[in-house]
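Peer 1: I have a structure I would like to understand better, so I am pasting it below and will then ask my questions one at a time.
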Amino acid sequence: MPSPIALNPSSPAPSIFKKKKSLSQLPSMATAASYLSAVHEADARARSHDISPASTPPLSLSSSITNSSEDTVLHESDDNITGLTYPFTPPTSEQVFNTVHTEFGHCANESYRCISQHNPEKPVAEHEIEEPPYYILITTYISYLILIVFGHIRDFFGKRFAKQYFTHLMPYDGYAPLNSDFDSFYTRRLKRRMDDCFSHPVTGVAGRTILVYDRYSEDCNYTQIYPGSKTRALNISSYNYLGFAQARGGCADAVEESIKRFGISTCGTRLEGGSSELHVTAEGLVARFVGMEDSLISSMGFATNSTFIPALIGKGSLVISDEFNHASIRVGVRTSGAQVRMFKHNDMDSLESLLREVISQGQPKTHRPWKKILVIVEGLYSMEGSLVNLPMIVELKKKYKFYLFVDEAHSIGALGPHGRGVCDYFNISPRSVDVLMGTFTKSFGAAGGYIAGRKSLIDALRVRGYSGMYAEATSPPVLTQIIASMTSIMGVASPPLPAKTSLTLSPSSSVSTLRSSEEEGHPGMVPTSAIPSWISLPPTFADGSEARMRIRRLAFNSRYLHIGLKKLGFITYGHPFSPVVPLLIYNPGKMATFARMMRVRQTPIVIVVVAYPATPLVTSRVRFCVSASHTKDDIDTILKACDELGDILDLKHGHGERLPLEVIMKRSVELVNNV
């Protein structure tokens with residue numbers, strides 16, 4: 001039997017600790033040469049027009065294609081038939097790109113931009129569930145029934161005639177089995193059959209494209225064999241909404257400098273020697289970004305909810321939670337010891353009815369008033385792609401006087417004209433929400449999470465939250481990525497007058513709180529005094545223009561993929577502006593087949609498939625994660641692949657108007673603007 005990981009590299013791997021090679025040292029390729037030649041010609045044409053030094057430099061080799069590490073396009077034996085390593089169409093002298101096409105796609109067409117903002121003249125759209133035909137549901141249930149019956153039959157005979165494969169499920173030498181036979185049944189009999197669709201090892205930058213290690217199995221996915229080859233694929237699976245996951249550029253340069261100054265770890269917890277000046281700066285910046293008085297940062301997004309919610313509530317308190325809230329919220333609520341009630345997903349009538357009941361009845365048995373009531377919702381639901389009805393919840397909050405906790409893990413950075421989440425999208429004051437939570441993994445290309453609110457609340461959470469005492473502090477490189485990416489979204493203001501903005505240090509807290517005067521509205525730019533002087537961002541990052549372009553590109557890509565799938569006849573969930581676009585598959589066998597067929601196309605596409613227990617049993621789905629790094633051509637490629645596979649696997653069960661793929665691609669801008 002082969003080893004669990006049989007890795008046979010074809011050649012010794014190059015060291016990752018070498019300095020980047022210069023352009024003259026890079027090997028050349030015939031296919032890349034034509035593109036680079038066109039780049040040179042565009043560069044020469046631009047220079048012939050006597051561009052002033054103050055303007056953005058023309059496209060050059062150093063700024064666009066090379067000057068990179070082992071993940072460069074010139075290091076791949078690719079003839080560009082996939083169009084992933086560099087664009088099919090060479091740039092013109094008027095088109096300036098400072099990113100590598102594999103990490104952040106080149107797209108200069110301003111028509112492919114959109115503003116993520118709610119129209120106040122229209123009501124907030126309700127979460128609608130489109131049901132498939134009955135035969136789809138029936139065949140899905142039959143598929144699970146066959147799987148369960150044959151699985152139990154195989155277990156029955158296997159435990160008697162092939163005991164070597166079931167020793168971990170049976171008592172042995174006086175020891176009880178560590179794994180439960182019943183609990184592991186789903187894992188053994190369903191997940192293992194499609195294990196090649198999960199946990200696929202990758203390398204390089206998780207940007208617009210990603211390098212995937214090829215692998216295969218000779219024993220039904222019990223073990224995987226890695227021949228050492230890699231395949232570049234279009235990446236529609238990573239949480240990289242604004243495309244800041246880059247190995248080159250302003251953020252990466254700042255992170256590199258931070259490693260030289262601070263190392264890679266503070267080697268302690270926040271309350272025991274692990275706090276650095278970067279923590280102080282980052283927390284002040286986050287508070288300003290989300291429009292709150294103060295904030296704290298946790299090194300893990302999941303732990304932000306699971307360790308700080310118990311510090312907010314306890315026995316005698318009530319949590320009212322949306323039924324589709326994330327597992328981290330559920331873990332935190334269970335740990336707190338508070339009572340919990342759930343309301344139907346995004347159903348405001350259900351929420352108000354529940355509020356009336358719990359307020360009138362009080363605590364169980366004693367009927368005493370609750371110590372506090374906390375309503376927890378998500379800004380953007382990661383599995384459904386639906387958007388919270390924040391205006392209605394704020395109105396209910398004013399009426400029933402409960403505290404409101406909004407988890408913005410997926411919405412912060414991705415929604416709103418300024419990228420500041422659901423409050424920005426609905427143009428609602430962030431101070432209308434008591435606690436804002438978010439993560440840095442999705443839109444900022446970093447890691448960890450934050451809690452923001454009133455300063456008195458944050459000061460208490462620093463001491464009472466488990467993360468402050470027991471979790472490692474966020475590392476300096478991650479903090480620098482947070483600071484650089486968030487600063488680029490806000491933009492850096494000129495040195496302000498003392499009356500406008502001040503940096504207030506409170507002796508009772510280890511965090512600096514950026515306070516704005518009444519004259520300065522939210523959102524605002526960040527003053528130069530609020531970021532480290534050694535962080536030098538490129539001009540387009542410093543003035544916020546780069547981030548504005550990314551936010552608008554993400555809005556267009558999200559809307560285009562959403563409406564494109566709808567017009568092709570698929571059943572999808574979610575809000576049109578959501579970067580999470582679920583496509584319903586239903587049948588578990590089709591789910592695995594869909595993922596494999598997408599991966600072996602001429603332009604390979606890496607996707608995420610999700611099934612029970614992350615979703616209800618019969619609503620298996622593909623979850624597309626759109627990024628600003630994708631181009632309009634990339635979305636066209638995804639739509640074309642889905643159109644072909646949808647016909648093969650019988651996935652088109654939507655009831656709305658359908659259009660041919662060619663019409664959708666041609667009318668993309670019109671369709672996006674009319675959603």
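Going by the structure tokens order, chains are called A, B, ..., each with residues numbered from 1, while ligands are numbered from 1 in the order shown.
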Do you know which residues are at most 7 Å from segment 127-130 of chain A counting only C-alpha atoms, after dropping those on the same chain fewer than 4 positions away, and could you put them as a PyMOL selection string?
Peer 2: chain A and resi 346+386+571
Peer 1: Near segment 188-196 of chain A, counting only C-alpha atoms, which residues have an atom at most 10 Å away, once you skip same-chain residues fewer than 6 positions from it, shown as a PyMOL selection string?
Peer 2: chain A and resi 144+147-148+150-152+154-155+181+215-217+220-224+588-589+591-593+595-596+611-612
Peer 1: Go ahead and save the picked residues with N, CA and C atoms, as an mmCIF file, in the first residue's frame.
Peer 2:
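What landed in result33.cif:
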data_model
loop_
_atom_site.group_PDB
_atom_site.id
_atom_site.type_symbol
_atom_site.label_atom_id
_atom_site.label_comp_id
_atom_site.auth_asym_id
_atom_site.auth_seq_id
_atom_site.Cartn_x
_atom_site.Cartn_y
_atom_site.Cartn_z
ATOM 1 N N TYR A 144 -28.821 9.413 -1.450
ATOM 2 C CA TYR A 144 -28.357 9.259 -0.067
ATOM 3 C C TYR A 144 -28.808 7.928 0.521
ATOM 4 N N LEU A 147 -26.597 5.215 -0.775
ATOM 5 C CA LEU A 147 -25.282 5.363 -0.150
ATOM 6 C C LEU A 147 -25.291 4.799 1.267
ATOM 7 N N ILE A 148 -26.324 5.104 2.032
ATOM 8 C CA ILE A 148 -26.398 4.642 3.414
ATOM 9 C C ILE A 148 -26.578 3.131 3.483
ATOM 10 N N PHE A 150 -25.883 0.700 1.204
ATOM 11 C CA PHE A 150 -24.699 -0.037 0.771
ATOM 12 C C PHE A 150 -23.517 0.207 1.711
ATOM 13 N N GLY A 151 -23.466 1.387 2.319
ATOM 14 C CA GLY A 151 -22.406 1.640 3.280
ATOM 15 C C GLY A 151 -22.495 0.736 4.485
ATOM 16 N N HIS A 152 -23.696 0.555 5.010
ATOM 17 C CA HIS A 152 -23.874 -0.328 6.164
ATOM 18 C C HIS A 152 -23.618 -1.791 5.779
ATOM 19 N N ARG A 154 -21.484 -2.803 3.515
ATOM 20 C CA ARG A 154 -20.031 -2.938 3.421
ATOM 21 C C ARG A 154 -19.393 -2.965 4.806
ATOM 22 N N ASP A 155 -19.926 -2.163 5.732
ATOM 23 C CA ASP A 155 -19.400 -2.181 7.093
ATOM 24 C C ASP A 155 -19.659 -3.525 7.761
ATOM 25 N N ASP A 181 -18.047 4.564 15.309
ATOM 26 C CA ASP A 181 -18.485 3.954 14.050
ATOM 27 C C ASP A 181 -19.590 4.783 13.410
ATOM 28 N N ARG A 215 -2.338 15.366 -8.267
ATOM 29 C CA ARG A 215 -2.345 14.171 -7.424
ATOM 30 C C ARG A 215 -3.358 13.180 -7.963
ATOM 31 N N TYR A 216 -3.196 11.944 -7.574
ATOM 32 C CA TYR A 216 -4.127 10.897 -7.957
ATOM 33 C C TYR A 216 -4.121 9.824 -6.880
ATOM 34 N N SER A 217 -5.111 8.964 -6.915
ATOM 35 C CA SER A 217 -5.237 7.903 -5.920
ATOM 36 C C SER A 217 -5.452 6.568 -6.611
ATOM 37 N N CYS A 220 -9.029 4.407 -4.041
ATOM 38 C CA CYS A 220 -10.305 5.082 -3.746
ATOM 39 C C CYS A 220 -10.140 6.199 -2.716
ATOM 40 N N ASN A 221 -9.125 7.020 -2.905
ATOM 41 C CA ASN A 221 -8.875 8.206 -2.088
ATOM 42 C C ASN A 221 -8.451 7.891 -0.657
ATOM 43 N N TYR A 222 -8.077 6.638 -0.381
ATOM 44 C CA TYR A 222 -7.552 6.331 0.948
ATOM 45 C C TYR A 222 -6.201 7.006 1.145
ATOM 46 N N THR A 223 -5.393 7.024 0.107
ATOM 47 C CA THR A 223 -4.143 7.776 0.088
ATOM 48 C C THR A 223 -4.062 8.524 -1.231
ATOM 49 N N GLN A 224 -3.236 9.562 -1.244
ATOM 50 C CA GLN A 224 -3.029 10.369 -2.441
ATOM 51 C C GLN A 224 -1.560 10.314 -2.848
ATOM 52 N N PRO A 588 -25.324 14.771 -4.461
ATOM 53 C CA PRO A 588 -23.914 14.710 -4.044
ATOM 54 C C PRO A 588 -22.999 14.140 -5.121
ATOM 55 N N GLY A 589 -23.511 13.211 -5.931
ATOM 56 C CA GLY A 589 -22.691 12.665 -7.011
ATOM 57 C C GLY A 589 -22.366 13.709 -8.062
ATOM 58 N N MET A 591 -22.132 16.855 -7.486
ATOM 59 C CA MET A 591 -21.237 17.828 -6.876
ATOM 60 C C MET A 591 -19.775 17.453 -7.126
ATOM 61 N N ALA A 592 -19.428 16.201 -6.880
ATOM 62 C CA ALA A 592 -18.052 15.761 -7.101
ATOM 63 C C ALA A 592 -17.696 15.791 -8.580
ATOM 64 N N THR A 593 -18.633 15.372 -9.424
ATOM 65 C CA THR A 593 -18.382 15.369 -10.864
ATOM 66 C C THR A 593 -18.171 16.778 -11.391
ATOM 67 N N ALA A 595 -16.956 19.380 -9.775
ATOM 68 C CA ALA A 595 -15.640 19.872 -9.355
ATOM 69 C C ALA A 595 -14.532 19.261 -10.202
ATOM 70 N N ARG A 596 -14.629 17.965 -10.497
ATOM 71 C CA ARG A 596 -13.581 17.300 -11.279
ATOM 72 C C ARG A 596 -13.571 17.782 -12.722
ATOM 73 N N ALA A 611 -21.187 20.577 1.116
ATOM 74 C CA ALA A 611 -22.295 19.656 1.340
ATOM 75 C C ALA A 611 -22.576 19.571 2.835
ATOM 76 N N TYR A 612 -23.479 18.692 3.187
ATOM 77 C CA TYR A 612 -23.797 18.439 4.593
ATOM 78 C C TYR A 612 -22.522 18.027 5.335
#
Peer 1: What is the distance, in Å and to one decimal place, between atom CA of Thr366 of chain A and atom CA of Ala311 of chain A?
Peer 2: 24.3 Å
Peer 1: When distances are computed from only C-alpha atoms, which of A:Thr615, A:Thr266, A:Ser467, A:Ser350 shows the smallest separation from Ala327 of chain A?
Peer 2: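 Answer, going by the shortest atom-to-atom distance: A:Thr615.
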Peer 1: Residues of segment 189-265 of chain A in strand (DSSP E) according to DSSP, as a VMD selection string?
Peer 2: chain A and resid 202 to 203 209 to 213 224 to 226 230 to 235
Peer 1: For the residues in that selection, give me C-alpha atoms as a CSV table (one decimal), in the first residue's frame.
Peer 2:
chain,number,residue,atom,x,y,z
A,202,VAL,CA,-1.6,24.5,-3.6
A,203,THR,CA,1.6,26.7,-3.9
A,209,THR,CA,-4.8,32.1,-10.5
A,210,ILE,CA,-3.2,29.5,-8.3
A,211,LEU,CA,-0.8,26.6,-8.8
A,212,VAL,CA,-2.3,23.3,-7.8
A,213,TYR,CA,-0.3,20.2,-7.1
A,224,GLN,CA,-3.0,10.4,-2.4
A,225,ILE,CA,0.0,10.2,-4.7
A,226,TYR,CA,1.8,13.4,-5.8
A,230,LYS,CA,1.7,21.4,-10.9
A,231,THR,CA,-1.1,23.0,-12.8
A,232,ARG,CA,-2.0,26.7,-12.9
A,233,ALA,CA,-5.8,27.1,-12.6
A,234,LEU,CA,-8.2,30.0,-12.5
A,235,ASN,CA,-8.9,30.6,-8.8
Peer 1: What are the closest atom pairs, with distances in Å to one decimal, for all residues of segment 426-470 of chain A lying within 12 Å of segment 394-402 of chain A? Consider only C-alpha atoms, order rows by chain and residue number, and present the result as CSV.
Peer 2:
residue,atom,partner,partner_atom,distance
A:Phe426,CA,A:Val394,CA,11.2
A:Ile428,CA,A:Val394,CA,9.0
A:Ser429,CA,A:Val394,CA,10.2
A:Pro430,CA,A:Val394,CA,10.6
A:Arg431,CA,A:Val394,CA,10.7
A:Ser432,CA,A:Val394,CA,6.9
A:Val433,CA,A:Val394,CA,7.7
A:Asp434,CA,A:Phe402,CA,9.5
A:Val435,CA,A:Phe402,CA,11.9
Peer 1: Under the rule that only C-alpha atoms are counted, which of A:His345, A:Lys159, A:Arg464, A:Arg552 is the nearest residue to Pro310 of chain A?
Peer 2: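 With only C-alpha atoms as the atom set, the closest residue is A:Arg464.
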Peer 1: Apply DSSP to the structure's backbone, then extract all residues of segment 166-245 of chain A labelled alpha helix (DSSP H) and return them as a PyMOL selection string.
Peer 2: chain A and resi 185-189
Peer 1: Given the selection you just returned, output its residues as a file containing C-alpha atoms, formatted as a PDB file, in the first residue's frame.
Peer 2:
ATOM      1  CA  PHE A 185     -19.887   6.760   8.752  1.00  0.00           C
ATOM      2  CA  TYR A 186     -20.527   9.919   6.722  1.00  0.00           C
ATOM      3  CA  THR A 187     -16.813  10.650   6.493  1.00  0.00           C
ATOM      4  CA  ARG A 188     -15.911   7.140   5.383  1.00  0.00           C
ATOM      5  CA  ARG A 189     -18.774   6.458   3.015  1.00  0.00           C
TER       6      ARG A 189
END
Peer 1: I need the residue nearest Ser328 of chain A from this list: A:Thr637, A:Ser353, A:Ser443, A:Thr307. Use only C-alpha atoms for the distance.
Peer 2: A:Thr307
Peer 1: Hey, what's within 10 Å of Leu584 of chain A if we count only C-alpha atoms and toss same-chain stuff fewer than 3 positions away? As an NGL selection string, please?
Peer 2: :A and (130 or 132 or 570-573 or 581 or 587 or 591 or 609-610 or 618-623 or 651-653)
Peer 1: Find the residue from A:Thr82, A:Asn179, A:Gln361, A:Ser116 that sits nearest to Pro417 of chain A; use only C-alpha atoms when measuring.
Peer 2: A:Ser116
Peer 1: List the neighbours of Ile607 of chain A out to 7 Å using only C-alpha atoms; skip same-chain residues closer than 5 positions along the sequence, and give me the result as a PyMOL selection string.
Peer 2: chain A and resi 236-237+595+624
Peer 1: Taking into account only C-alpha atoms, which residue in the set A:Val124, A:Gly105, A:Leu561, A:Glu256 is nearest to Gly83 of chain A?
Peer 2: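 Going through A:Val124, A:Gly105, A:Leu561, A:Glu256 one by one, the smallest distance to Gly83 of chain A is for A:Gly105.
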Peer 1: Quick one: of A:Ala125, A:Val478, A:Val463, A:Ala530, who's nearest to Val388 of chain A, counting only C-alpha atoms?
Peer 2: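 Nearest candidate to Val388 of chain A out of A:Ala125, A:Val478, A:Val463, A:Ala530: A:Ala125.
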Peer 1: Hey, what's within 10 Å of Gln481 of chain A if we count only C-alpha atoms and toss same-chain stuff fewer than 3 positions away? As a VMD selection string, please?
Peer 2: chain A and resid 244 to 245 250 to 256 258 282 440 444 to 447 476 to 478 484 to 487
Peer 1: Within 9 Å of segment 640-644 of chain A, counting only C-alpha atoms, which residues show up once you throw out same-chain ones fewer than 3 positions away? Write them as a list in words, please.
Peer 2: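 Counting only the stated atoms, we get Leu565, Leu568, Gly569, Phe570, Phe594, Met598, Arg601, Ile605, Ile635, Asp636, Thr637, Asp647, Ile648, Leu649, Lys652 and Leu661 of chain A.
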Peer 1: Between atom CA of Leu354 of chain A and atom CA of Leu390 of chain A, measure the distance and give it in Å to one decimal.
Peer 2: 17.3 Å
